[in-house]
>>> print(open('coords-v6.cif').read())   # mmCIF, C-alpha atoms
data_run
loop_
_atom_site.label_atom_id
_atom_site.label_comp_id
_atom_site.auth_asym_id
_atom_site.auth_seq_id
_atom_site.Cartn_x
_atom_site.Cartn_y
_atom_site.Cartn_z
CA MET A 1 -41.76 14.82 29.80
CA LEU A 2 -38.62 12.80 29.09
CA LEU A 3 -36.85 14.20 32.13
CA GLY A 4 -39.86 13.45 34.32
CA LEU A 5 -39.72 9.93 32.92
CA SER A 6 -36.03 9.70 33.88
CA PHE A 7 -36.85 10.87 37.40
CA GLY A 8 -39.65 8.30 37.76
CA VAL A 9 -37.42 5.46 36.55
CA LEU A 10 -34.53 6.41 38.85
CA ALA A 11 -36.53 7.38 41.95
CA ARG A 12 -39.00 4.49 42.25
CA PRO A 13 -36.52 1.91 43.59
CA VAL A 14 -35.19 4.44 46.14
CA MET A 15 -38.27 6.38 47.27
CA GLY A 16 -41.12 4.04 46.43
CA SER A 17 -43.86 4.66 43.84
CA VAL A 18 -46.13 6.93 45.89
CA ALA A 19 -43.47 9.31 47.26
CA THR A 20 -41.89 9.59 43.79
CA ILE A 21 -45.15 10.75 42.23
CA VAL A 22 -46.04 13.00 45.20
CA ILE A 23 -42.68 14.81 45.14
CA SER A 24 -42.98 15.56 41.41
CA THR A 25 -46.55 16.79 41.96
CA ILE A 26 -45.95 19.14 44.91
CA VAL A 27 -42.28 20.13 44.59
CA PHE A 28 -41.97 20.40 40.79
CA ALA A 29 -38.29 21.37 40.73
CA GLY A 30 -36.43 18.85 38.63
CA SER A 31 -32.81 19.50 39.55
CA ALA A 32 -33.61 19.72 43.28
CA GLN A 33 -35.50 16.42 43.10
CA PHE A 34 -32.58 14.73 41.32
CA ALA A 35 -30.16 16.12 43.93
CA ALA A 36 -32.28 14.93 46.87
CA LEU A 37 -32.66 11.55 45.16
CA ALA A 38 -28.88 11.28 44.75
CA VAL A 39 -28.40 11.85 48.50
CA LEU A 40 -31.13 9.37 49.51
CA SER A 41 -29.88 6.67 47.16
CA ALA A 42 -26.36 7.08 48.55
CA GLY A 43 -27.80 6.29 51.99
CA GLY A 44 -27.96 9.90 53.21
CA GLY A 45 -30.63 11.18 55.60
CA ALA A 46 -33.56 13.53 55.07
CA ALA A 47 -31.70 16.63 56.29
CA ALA A 48 -28.83 16.13 53.83
CA ALA A 49 -31.30 15.44 51.01
CA ILE A 50 -33.28 18.61 51.76
CA VAL A 51 -30.11 20.73 51.94
CA ALA A 52 -28.90 19.33 48.61
CA GLY A 53 -32.26 20.17 47.01
CA MET A 54 -32.29 23.66 48.56
CA LEU A 55 -28.79 24.41 47.25
CA LEU A 56 -30.01 23.76 43.72
CA ASN A 57 -33.21 25.72 44.34
CA LEU A 58 -31.36 28.79 45.64
CA ARG A 59 -30.84 29.95 42.06
CA PHE A 60 -34.57 30.79 42.08
CA VAL A 61 -33.69 33.65 44.44
CA PRO A 62 -31.76 35.66 41.78
CA MET A 63 -34.21 34.48 39.10
CA GLY A 64 -37.09 35.69 41.29
CA ILE A 65 -35.37 39.04 41.89
CA ALA A 66 -34.88 39.34 38.13
CA ILE A 67 -38.58 38.91 37.34
CA ALA A 68 -39.75 41.07 40.27
CA PRO A 69 -39.81 44.39 38.35
CA SER A 70 -41.93 42.76 35.61
CA LEU A 71 -44.61 41.56 38.06
CA ARG A 72 -47.76 43.65 38.32
CA ALA A 73 -49.66 42.16 41.25
CA GLY A 74 -50.15 42.41 45.01
CA PRO A 75 -47.86 40.58 47.43
CA LEU A 76 -49.86 37.32 47.40
CA GLY A 77 -50.19 37.40 43.62
CA ARG A 78 -46.44 37.93 43.26
CA ALA A 79 -45.62 35.08 45.65
CA LEU A 80 -47.99 32.78 43.72
CA ARG A 81 -46.56 33.77 40.34
CA GLY A 82 -43.12 33.07 41.77
CA GLN A 83 -44.14 29.42 42.11
CA ALA A 84 -44.10 29.22 38.30
CA LEU A 85 -40.32 29.75 38.31
CA VAL A 86 -38.53 26.89 36.61
CA ASP A 87 -35.28 27.23 34.63
CA ALA A 88 -36.71 26.71 31.17
CA SER A 89 -39.71 29.04 31.63
CA TRP A 90 -37.55 31.75 33.18
CA ALA A 91 -35.03 31.53 30.34
CA LEU A 92 -37.72 31.51 27.63
CA ALA A 93 -39.62 34.46 29.18
CA ASN A 94 -36.44 36.58 29.25
CA ARG A 95 -36.90 39.49 26.86
CA GLY A 96 -33.45 40.98 27.49
CA GLY A 97 -32.49 44.16 29.31
CA GLY A 98 -34.03 42.91 32.56
CA HIS A 99 -37.58 42.52 31.18
CA PHE A 100 -39.61 39.34 31.51
CA ASP A 101 -42.85 38.29 29.81
CA ILE A 102 -44.75 37.02 32.86
CA GLU A 103 -47.71 35.65 30.88
CA PHE A 104 -45.27 33.63 28.81
CA LEU A 105 -43.52 32.39 31.96
CA LEU A 106 -46.83 31.22 33.47
CA GLY A 107 -47.93 29.62 30.20
CA SER A 108 -44.76 27.67 29.63
CA THR A 109 -44.74 26.41 33.22
CA LEU A 110 -48.40 25.36 32.93
CA ALA A 111 -47.44 23.41 29.81
CA GLN A 112 -44.49 21.74 31.52
CA TYR A 113 -46.26 20.76 34.74
CA PRO A 114 -48.49 17.95 33.38
CA ALA A 115 -45.59 16.73 31.25
CA TRP A 116 -43.30 16.55 34.29
CA VAL A 117 -45.86 14.82 36.54
CA GLY A 118 -47.13 12.55 33.72
CA GLY A 119 -43.56 11.65 32.80
CA THR A 120 -42.82 10.74 36.41
CA VAL A 121 -45.92 8.49 36.58
CA LEU A 122 -44.93 6.79 33.31
CA GLY A 123 -41.38 6.33 34.58
CA VAL A 124 -42.63 4.75 37.82
CA LEU A 125 -44.92 2.39 35.89
CA ALA A 126 -42.54 1.51 33.07
CA GLY A 127 -39.25 1.67 35.01
CA GLY A 128 -38.23 -1.92 34.44
CA LEU A 129 -38.82 -1.77 30.68
CA ILE A 130 -36.78 1.36 29.98
CA GLY A 131 -33.51 0.68 31.77
CA ASN A 132 -31.17 3.63 32.05
CA PRO A 133 -32.56 6.86 30.52
CA ARG A 134 -29.00 8.13 30.05
CA ALA A 135 -28.63 5.64 27.19
CA PHE A 136 -30.96 7.90 25.20
CA GLY A 137 -28.76 10.95 25.81
CA LEU A 138 -31.53 12.70 27.74
CA ASP A 139 -29.02 14.36 30.07
CA ALA A 140 -27.61 16.33 27.10
CA ILE A 141 -30.96 18.05 26.51
CA PHE A 142 -30.55 20.65 29.25
CA PRO A 143 -27.07 21.96 28.39
CA ALA A 144 -28.02 22.16 24.69
CA PHE A 145 -31.21 24.05 25.53
CA PHE A 146 -29.43 26.53 27.80
CA LEU A 147 -26.65 26.99 25.24
CA GLY A 148 -29.22 28.00 22.62
CA LEU A 149 -30.70 30.62 24.96
CA LEU A 150 -27.25 31.82 26.04
CA VAL A 151 -26.17 32.46 22.44
CA ALA A 152 -29.28 34.63 21.95
CA GLU A 153 -28.27 36.66 25.05
CA LEU A 154 -24.75 37.18 23.73
CA ARG A 155 -25.95 39.50 20.98
CA ARG A 156 -25.86 42.22 23.64
CA PRO A 157 -22.19 43.19 24.16
CA ASP A 158 -22.51 43.86 27.91
CA ALA A 159 -23.77 40.29 28.38
CA ARG A 160 -20.53 38.72 27.10
CA PRO A 161 -18.15 39.43 30.02
CA MET A 162 -20.87 38.31 32.46
CA ALA A 163 -21.40 35.05 30.56
CA ALA A 164 -17.65 34.41 30.53
CA LEU A 165 -17.45 35.15 34.28
CA GLY A 166 -20.43 32.92 35.13
CA GLY A 167 -19.20 30.04 32.98
CA LEU A 168 -15.61 30.18 34.25
CA LEU A 169 -16.69 30.47 37.88
CA ALA A 170 -18.93 27.41 37.47
CA LEU A 171 -16.11 25.43 35.85
CA VAL A 172 -13.68 26.27 38.66
CA LEU A 173 -16.20 25.61 41.46
CA ILE A 174 -17.66 22.28 40.24
CA PRO A 175 -14.73 20.22 41.64
CA LEU A 176 -14.58 22.29 44.83
CA THR A 177 -18.20 22.73 46.01
CA PRO A 178 -21.40 20.66 46.27
CA PRO A 179 -23.71 20.77 43.20
CA GLY A 180 -25.81 23.94 43.15
CA VAL A 181 -23.15 26.21 44.61
CA PRO A 182 -21.48 27.02 41.22
CA ILE A 183 -24.75 28.40 39.82
CA ILE A 184 -25.44 30.51 42.91
CA ALA A 185 -21.85 31.80 42.85
CA ALA A 186 -22.30 32.93 39.23
CA ALA A 187 -25.38 34.91 40.26
CA ALA A 188 -23.64 36.33 43.32
CA ALA A 189 -20.72 37.48 41.14
CA VAL A 190 -23.13 39.55 39.02
CA PHE A 191 -24.42 41.36 42.13
CA VAL A 192 -20.84 41.99 43.29
CA VAL A 193 -19.81 43.40 39.89
CA ALA A 194 -22.95 45.55 39.65
CA GLY A 195 -22.44 46.91 43.18
CA TRP A 196 -18.78 47.65 42.54
CA ARG A 197 -19.31 49.51 39.21
CA ARG A 198 -21.26 52.43 40.65
CA MET B 1 -29.93 0.44 49.84
CA ALA B 2 -33.40 1.97 50.09
CA PRO B 3 -33.70 4.62 52.83
CA VAL B 4 -36.36 4.31 55.53
CA THR B 5 -39.82 5.51 54.54
CA THR B 6 -39.91 8.27 57.19
CA ALA B 7 -36.75 9.86 55.77
CA VAL B 8 -38.29 9.83 52.29
CA TRP B 9 -41.47 11.57 53.44
CA ILE B 10 -39.58 14.14 55.54
CA THR B 11 -37.55 14.91 52.40
CA VAL B 12 -40.73 15.32 50.34
CA ALA B 13 -42.31 17.67 52.89
CA GLY B 14 -39.10 19.62 53.52
CA LEU B 15 -38.43 20.19 49.84
CA CYS B 16 -42.05 21.21 49.23
CA VAL B 17 -41.96 23.94 51.89
CA THR B 18 -38.45 25.25 51.14
CA THR B 19 -39.01 25.29 47.36
CA ALA B 20 -42.20 27.34 47.72
CA ALA B 21 -40.48 29.79 50.10
CA ILE B 22 -37.43 30.21 47.86
CA LYS B 23 -39.55 30.77 44.73
CA ALA B 24 -41.72 33.34 46.52
CA PHE B 25 -38.78 35.31 47.98
CA GLY B 26 -37.68 37.46 45.00
CA PRO B 27 -41.18 38.39 43.75
CA LEU B 28 -42.47 39.06 47.28
CA VAL B 29 -39.56 41.14 48.60
CA PHE B 30 -38.44 42.96 45.45
CA GLY B 31 -41.70 43.27 43.49
CA GLY B 32 -44.03 46.26 43.49
CA ARG B 33 -41.46 48.90 44.34
CA ASP B 34 -38.43 50.65 42.88
CA LEU B 35 -35.30 48.57 43.05
CA PRO B 36 -32.06 49.73 44.67
CA SER B 37 -29.88 51.02 41.82
CA PHE B 38 -27.27 48.28 42.04
CA LEU B 39 -30.02 45.64 41.70
CA ALA B 40 -31.45 47.47 38.70
CA ARG B 41 -27.99 47.27 37.08
CA ALA B 42 -27.50 43.62 38.07
CA ILE B 43 -30.80 42.24 36.76
CA PRO B 44 -30.14 42.54 33.01
CA LEU B 45 -26.77 40.83 33.56
CA LEU B 46 -28.15 37.90 35.57
CA ALA B 47 -29.49 35.99 32.57
CA PRO B 48 -26.18 35.62 30.68
CA ALA B 49 -24.23 34.69 33.86
CA LEU B 50 -26.83 32.16 35.05
CA LEU B 51 -27.30 30.62 31.59
CA ALA B 52 -23.53 30.23 31.11
CA ALA B 53 -23.22 28.61 34.55
CA LEU B 54 -26.13 26.26 33.74
CA VAL B 55 -24.51 25.25 30.43
CA VAL B 56 -21.26 24.41 32.25
CA THR B 57 -22.84 22.57 35.20
CA GLU B 58 -25.19 20.56 32.97
CA THR B 59 -22.32 19.63 30.60
CA VAL B 60 -19.50 18.67 32.98
CA GLY B 61 -21.20 18.58 36.39
CA GLY B 62 -22.34 15.47 38.23
CA THR B 63 -23.80 14.49 41.57
CA GLY B 64 -20.57 15.10 43.52
CA ARG B 65 -17.63 17.50 43.67
CA ALA B 66 -15.97 16.48 40.42
CA LEU B 67 -15.81 17.40 36.75
CA VAL B 68 -17.46 14.60 34.76
CA LEU B 69 -16.25 14.47 31.17
CA ASP B 70 -18.53 12.12 29.21
CA ALA B 71 -20.62 11.81 26.05
CA ARG B 72 -22.58 14.96 26.93
CA LEU B 73 -19.56 16.96 25.69
CA GLY B 74 -20.06 15.57 22.18
CA GLY B 75 -23.78 16.29 22.34
CA VAL B 76 -23.21 19.90 23.44
CA ALA B 77 -20.54 20.38 20.73
CA VAL B 78 -23.04 19.27 18.07
CA ALA B 79 -25.64 21.56 19.67
CA GLY B 80 -23.15 24.43 19.31
CA PHE B 81 -22.80 23.66 15.61
CA ALA B 82 -26.61 23.48 15.20
CA ILE B 83 -27.04 26.83 16.98
CA TRP B 84 -24.35 28.38 14.78
CA ARG B 85 -26.27 27.09 11.72
CA ARG B 86 -29.38 28.77 13.22
CA TRP B 87 -31.39 25.57 13.41
CA PRO B 88 -34.54 25.72 15.62
CA LEU B 89 -34.06 25.08 19.34
CA ALA B 90 -36.09 21.83 19.25
CA VAL B 91 -33.77 20.49 16.53
CA VAL B 92 -30.71 21.64 18.49
CA VAL B 93 -31.88 19.73 21.57
CA LEU B 94 -32.70 16.57 19.59
CA CYS B 95 -29.28 16.65 17.87
CA ALA B 96 -27.61 16.88 21.29
CA ALA B 97 -29.56 13.92 22.73
CA ALA B 98 -29.06 11.79 19.60
CA THR B 99 -25.31 12.47 19.50
CA THR B 100 -24.91 11.68 23.19
CA ALA B 101 -26.92 8.46 22.85
CA LEU B 102 -24.84 7.42 19.80
CA LEU B 103 -21.55 8.11 21.60
CA ARG B 104 -22.74 6.00 24.56
CA ALA B 105 -23.84 3.16 22.27
CA VAL B 106 -20.47 2.73 20.54
#
>>> encode(input="coords-v6.cif", output="structure tokens")
Amino acid sequence: MLLGLSFGVLARPVMGSVATIVISTIVFAGSAQFAALAVLSAGGGAAAAIVAGMLLNLRFVPMGIAIAPSLRAGPLGRALRGQALVDASWALANRGGGHFDIEFLLGSTLAQYPAWVGGTVLGVLAGGLIGNPRAFGLDAIFPAFFLGLLVAELRRPDARPMAALGGLLALVLIPLTPPGVPIIAAAAAVFVVAGWRR
Amino acid sequence: MAPVTTAVWITVAGLCVTTAAIKAFGPLVFGGRDLPSFLARAIPLLAPALLAALVVTETVGGTGRALVLDARLGGVAVAGFAIWRRWPLAVVVLCAAATTALLRAV
């Protein structure tokens, strides 16, 4: 809700009211929308904005592979359920050991969707009154949320070296690569390690 | 400077199509069959690596290629304390936002 509000406030002057609400309604991928917005507001073109958004969305490839064994449905049903992938739902539906509660994933995304779209609409309407959403510390919500879920993961000993690897790799790559790449690199490193330890 | 309207709508359409395709990929290609053994080993380890990378990028990442050290660090530190004290996740998140807002206000 609050993050949708931030997006609405920040995007309206750049994209216009209608496109801001439409993108939240049909794309529904917060970080990709913020990335595309950053490119557009810096004067970049559509191609650069789409690539920036895609880079951030690519992490849904490993997340989608991770939930694949938990999906019990035909190809179309699986592809549709994949649309419910968003960071928070994926992380909350994680039951450890590679198992995911798909019902929970769908439910938490269904709960977040109206909040995200409604927040965007509110942000577009109330933009001038709110000012900068960062003043309310809203950008600290995501790292705190992910940290809470990470600590729960760390109870399993084999998760600890992977967490250290993913975190360090992200830290090293942030100054060197465009946003989005550090997260994908962390996922890629897991596949490399798992392939190498046979 | 506001970009031209066409560029905005091409971005909206492009992101819509690519996001749907990317989200469908894993479930479509790897669902409904036995996984190659290295994937089966990798999957349980993806969550900790991805979550750690998300914590780092959301704490010190920005819109460009640079580490951004700002008030979020204080918010995440307080969140760490709240998690250690086993406070509920909603409280953890609120503590982080409140701390960050306070640090920015002073």
>>> resolve_selection(input="coords-v6.cif", expression="the PyMOL selection byres ((chain A and resi 8) around 8)", output="list in words")
Gly4, Leu5, Ser6, Phe7, Val9, Leu10, Ala11, Arg12, Thr20, Ile21, Gly119, Thr120, Val121, Leu122, Gly123, Val124 and Gly127 of chain A
>>> residues_around(input="coords-v6.cif", residues="B:Pro88", least_positions_apart="6", cutoff="12 Å", atoms="all atoms listed in the file", output="list in words")
Ala144, Phe145, Gly148 and Leu149 of chain A; Ala79, Phe81, Ala82, Leu94 and Cys95 of chain B
>>> residues_near_point(input="coords-v6.cif", point="(-16.7, 34.3, 39.0)", cutoff="12 Å", atoms="all atoms listed in the file", output="number ranges by chain")
A: 161-173, 181-193; B: 49-50, 52-53
>>> residues_around(input="coords-v6.cif", residues="stretch 62-78 of chain B", least_positions_apart="6", cutoff="7 Å", atoms="only C-alpha atoms", output="NGL selection string")
(:A and (35 or 38 or 140 or 143-144 or 174-179)) or (:B and (95-97 or 99-100 or 103-104))
>>> residues_around(input="coords-v6.cif", residues="A:Leu106", least_positions_apart="6", cutoff="10 Å", atoms="only C-alpha atoms", output="PyMOL selection string")
chain A and resi 81-86+89-90+93+112
>>> resolve_selection(input="coords-v6.cif", expression="the PyMOL selection byres ((chain B and resi 21-35) around 8)", output="VMD selection string")
(chain A and resid 57 to 58 60 to 76 78 to 83 85) or (chain B and resid 17 to 20 36 to 37 39 to 40)
>>> residues_around(input="coords-v6.cif", residues="stretch 150-153 of chain A", least_positions_apart="2", cutoff="9 Å", atoms="only C-alpha atoms", output="PyMOL selection string")
(chain A and resi 91+96+145-148+155-157+159-160+163) or (chain B and resi 47-49+51-52+55+83-84)
>>> residues_around(input="coords-v6.cif", residues="B:Thr5", least_positions_apart="5", cutoff="10 Å", atoms="all atoms listed in the file", output="mmCIF file with C-alpha atoms, in the coordinates of the input")
data_model
loop_
_atom_site.group_PDB
_atom_site.id
_atom_site.type_symbol
_atom_site.label_atom_id
_atom_site.label_comp_id
_atom_site.auth_asym_id
_atom_site.auth_seq_id
_atom_site.Cartn_x
_atom_site.Cartn_y
_atom_site.Cartn_z
ATOM 1 C CA VAL A 14 -35.190 4.440 46.140
ATOM 2 C CA MET A 15 -38.270 6.380 47.270
ATOM 3 C CA GLY A 16 -41.120 4.040 46.430
ATOM 4 C CA ALA A 19 -43.470 9.310 47.260
ATOM 5 C CA ILE B 10 -39.580 14.140 55.540
ATOM 6 C CA THR B 11 -37.550 14.910 52.400
#
>>> closest_residue(input="coords-v6.cif", among="B:Arg85, B:Ala90, B:Phe38, B:Val4", to="chain A", atoms="all atoms listed in the file")
B:Phe38
>>> closest_residue(input="coords-v6.cif", among="A:Ala29, A:Leu154, A:Leu125, A:Val22", to="B:Leu45", atoms="only C-alpha atoms")
A:Leu154
>>> closest_residue(input="coords-v6.cif", among="A:Gly30, A:Gly44, A:Gly97, A:Gly128", to="chain B", atoms="only C-alpha atoms")
A:Gly97
>>> atom_distance(input="coords-v6.cif", atom1="atom CA of A:Thr109", atom2="atom CA of A:Phe28")
10.1 Å
>>> closest_residue(input="coords-v6.cif", among="A:Leu3, A:Leu40, A:Leu129, A:Val117", to="chain B", atoms="all atoms listed in the file")
A:Leu40
>>> atom_distance(input="coords-v6.cif", atom1="atom CA of B:Gly61", atom2="atom CA of A:Ala52")
14.5 Å
>>> closest_residue(input="coords-v6.cif", among="A:Ser41, A:Thr25, A:Ser108, A:Asn132", to="chain B", atoms="only C-alpha atoms")
A:Ser41
>>> atom_distance(input="coords-v6.cif", atom1="atom CA of A:Val39", atom2="atom CA of B:Thr59")
20.4 Å
>>> closest_residue(input="coords-v6.cif", among="B:Val106, B:Gly80, B:Val91, B:Ala101", to="chain A", atoms="all atoms listed in the file")
B:Ala101
>>> decode(input="coords-v6.cif", residues="stretch 25-56 of chain A", atoms="N, CA and C atoms", output="PDB file, in the first residue's frame")
ATOM      1  N   THR A  25      -1.407  -1.556 -12.599  1.00  0.00           N
ATOM      2  CA  THR A  25      -2.493  -2.521 -12.736  1.00  0.00           C
ATOM      3  C   THR A  25      -2.070  -3.738 -13.545  1.00  0.00           C
ATOM      4  N   ILE A  26      -1.344  -3.531 -14.665  1.00  0.00           N
ATOM      5  CA  ILE A  26      -1.061  -4.673 -15.545  1.00  0.00           C
ATOM      6  C   ILE A  26       0.347  -5.226 -15.394  1.00  0.00           C
ATOM      7  N   VAL A  27       1.286  -4.479 -14.831  1.00  0.00           N
ATOM      8  CA  VAL A  27       2.637  -5.029 -14.668  1.00  0.00           C
ATOM      9  C   VAL A  27       2.796  -5.594 -13.258  1.00  0.00           C
ATOM     10  N   PHE A  28       2.414  -4.839 -12.238  1.00  0.00           N
ATOM     11  CA  PHE A  28       2.412  -5.315 -10.857  1.00  0.00           C
ATOM     12  C   PHE A  28       3.748  -5.947 -10.487  1.00  0.00           C
ATOM     13  N   ALA A  29       4.824  -5.187 -10.666  1.00  0.00           N
ATOM     14  CA  ALA A  29       6.148  -5.643 -10.243  1.00  0.00           C
ATOM     15  C   ALA A  29       6.868  -4.391  -9.760  1.00  0.00           C
ATOM     16  N   GLY A  30       6.781  -4.154  -8.469  1.00  0.00           N
ATOM     17  CA  GLY A  30       7.213  -2.885  -7.894  1.00  0.00           C
ATOM     18  C   GLY A  30       8.610  -2.454  -8.279  1.00  0.00           C
ATOM     19  N   SER A  31       9.608  -3.325  -8.051  1.00  0.00           N
ATOM     20  CA  SER A  31      10.982  -2.884  -8.259  1.00  0.00           C
ATOM     21  C   SER A  31      11.243  -2.602  -9.733  1.00  0.00           C
ATOM     22  N   ALA A  32      10.626  -3.400 -10.632  1.00  0.00           N
ATOM     23  CA  ALA A  32      10.808  -3.166 -12.065  1.00  0.00           C
ATOM     24  C   ALA A  32      10.186  -1.830 -12.460  1.00  0.00           C
ATOM     25  N   GLN A  33       9.023  -1.513 -11.876  1.00  0.00           N
ATOM     26  CA  GLN A  33       8.369  -0.244 -12.192  1.00  0.00           C
ATOM     27  C   GLN A  33       9.221   0.933 -11.722  1.00  0.00           C
ATOM     28  N   PHE A  34       9.793   0.816 -10.508  1.00  0.00           N
ATOM     29  CA  PHE A  34      10.654   1.887 -10.000  1.00  0.00           C
ATOM     30  C   PHE A  34      11.884   2.052 -10.889  1.00  0.00           C
ATOM     31  N   ALA A  35      12.440   0.924 -11.370  1.00  0.00           N
ATOM     32  CA  ALA A  35      13.637   0.985 -12.210  1.00  0.00           C
ATOM     33  C   ALA A  35      13.324   1.651 -13.540  1.00  0.00           C
ATOM     34  N   ALA A  36      12.195   1.262 -14.161  1.00  0.00           N
ATOM     35  CA  ALA A  36      11.810   1.851 -15.438  1.00  0.00           C
ATOM     36  C   ALA A  36      11.541   3.345 -15.256  1.00  0.00           C
ATOM     37  N   LEU A  37      10.906   3.677 -14.138  1.00  0.00           N
ATOM     38  CA  LEU A  37      10.606   5.085 -13.834  1.00  0.00           C
ATOM     39  C   LEU A  37      11.897   5.899 -13.701  1.00  0.00           C
ATOM     40  N   ALA A  38      12.905   5.290 -13.040  1.00  0.00           N
ATOM     41  CA  ALA A  38      14.175   5.994 -12.858  1.00  0.00           C
ATOM     42  C   ALA A  38      14.806   6.321 -14.209  1.00  0.00           C
ATOM     43  N   VAL A  39      14.733   5.366 -15.151  1.00  0.00           N
ATOM     44  CA  VAL A  39      15.308   5.586 -16.481  1.00  0.00           C
ATOM     45  C   VAL A  39      14.535   6.679 -17.222  1.00  0.00           C
ATOM     46  N   LEU A  40      13.193   6.582 -17.205  1.00  0.00           N
ATOM     47  CA  LEU A  40      12.373   7.576 -17.914  1.00  0.00           C
ATOM     48  C   LEU A  40      12.581   8.974 -17.342  1.00  0.00           C
ATOM     49  N   SER A  41      12.667   9.065 -16.005  1.00  0.00           N
ATOM     50  CA  SER A  41      12.773  10.404 -15.416  1.00  0.00           C
ATOM     51  C   SER A  41      14.163  10.995 -15.633  1.00  0.00           C
ATOM     52  N   ALA A  42      15.145  10.127 -15.929  1.00  0.00           N
ATOM     53  CA  ALA A  42      16.476  10.634 -16.257  1.00  0.00           C
ATOM     54  C   ALA A  42      16.571  10.984 -17.741  1.00  0.00           C
ATOM     55  N   GLY A  43      15.464  10.872 -18.464  1.00  0.00           N
ATOM     56  CA  GLY A  43      15.455  11.234 -19.876  1.00  0.00           C
ATOM     57  C   GLY A  43      15.754  10.071 -20.811  1.00  0.00           C
ATOM     58  N   GLY A  44      15.819   8.849 -20.275  1.00  0.00           N
ATOM     59  CA  GLY A  44      16.104   7.672 -21.089  1.00  0.00           C
ATOM     60  C   GLY A  44      14.906   7.273 -21.937  1.00  0.00           C
ATOM     61  N   GLY A  45      15.152   6.423 -22.952  1.00  0.00           N
ATOM     62  CA  GLY A  45      14.087   6.000 -23.846  1.00  0.00           C
ATOM     63  C   GLY A  45      13.375   4.757 -23.363  1.00  0.00           C
ATOM     64  N   ALA A  46      12.372   4.325 -24.128  1.00  0.00           N
ATOM     65  CA  ALA A  46      11.557   3.174 -23.751  1.00  0.00           C
ATOM     66  C   ALA A  46      12.393   1.891 -23.669  1.00  0.00           C
ATOM     67  N   ALA A  47      13.311   1.702 -24.647  1.00  0.00           N
ATOM     68  CA  ALA A  47      14.088   0.461 -24.657  1.00  0.00           C
ATOM     69  C   ALA A  47      14.923   0.339 -23.387  1.00  0.00           C
ATOM     70  N   ALA A  48      15.595   1.425 -23.000  1.00  0.00           N
ATOM     71  CA  ALA A  48      16.422   1.392 -21.789  1.00  0.00           C
ATOM     72  C   ALA A  48      15.553   1.165 -20.555  1.00  0.00           C
ATOM     73  N   ALA A  49      14.368   1.764 -20.535  1.00  0.00           N
ATOM     74  CA  ALA A  49      13.474   1.596 -19.386  1.00  0.00           C
ATOM     75  C   ALA A  49      12.998   0.157 -19.271  1.00  0.00           C
ATOM     76  N   ILE A  50      12.679  -0.461 -20.419  1.00  0.00           N
ATOM     77  CA  ILE A  50      12.207  -1.853 -20.399  1.00  0.00           C
ATOM     78  C   ILE A  50      13.334  -2.778 -19.956  1.00  0.00           C
ATOM     79  N   VAL A  51      14.547  -2.543 -20.469  1.00  0.00           N
ATOM     80  CA  VAL A  51      15.683  -3.394 -20.082  1.00  0.00           C
ATOM     81  C   VAL A  51      15.953  -3.280 -18.584  1.00  0.00           C
ATOM     82  N   ALA A  52      15.893  -2.051 -18.051  1.00  0.00           N
ATOM     83  CA  ALA A  52      16.122  -1.869 -16.620  1.00  0.00           C
ATOM     84  C   ALA A  52      15.083  -2.643 -15.811  1.00  0.00           C
ATOM     85  N   GLY A  53      13.822  -2.567 -16.236  1.00  0.00           N
ATOM     86  CA  GLY A  53      12.762  -3.305 -15.541  1.00  0.00           C
ATOM     87  C   GLY A  53      12.963  -4.806 -15.651  1.00  0.00           C
ATOM     88  N   MET A  54      13.355  -5.273 -16.855  1.00  0.00           N
ATOM     89  CA  MET A  54      13.567  -6.711 -17.057  1.00  0.00           C
ATOM     90  C   MET A  54      14.691  -7.240 -16.177  1.00  0.00           C
ATOM     91  N   LEU A  55      15.767  -6.437 -16.042  1.00  0.00           N
ATOM     92  CA  LEU A  55      16.899  -6.876 -15.219  1.00  0.00           C
ATOM     93  C   LEU A  55      16.426  -7.165 -13.803  1.00  0.00           C
ATOM     94  N   LEU A  56      15.569  -6.291 -13.275  1.00  0.00           N
ATOM     95  CA  LEU A  56      15.073  -6.512 -11.923  1.00  0.00           C
ATOM     96  C   LEU A  56      14.099  -7.685 -11.881  1.00  0.00           C
TER      97      LEU A  56
END
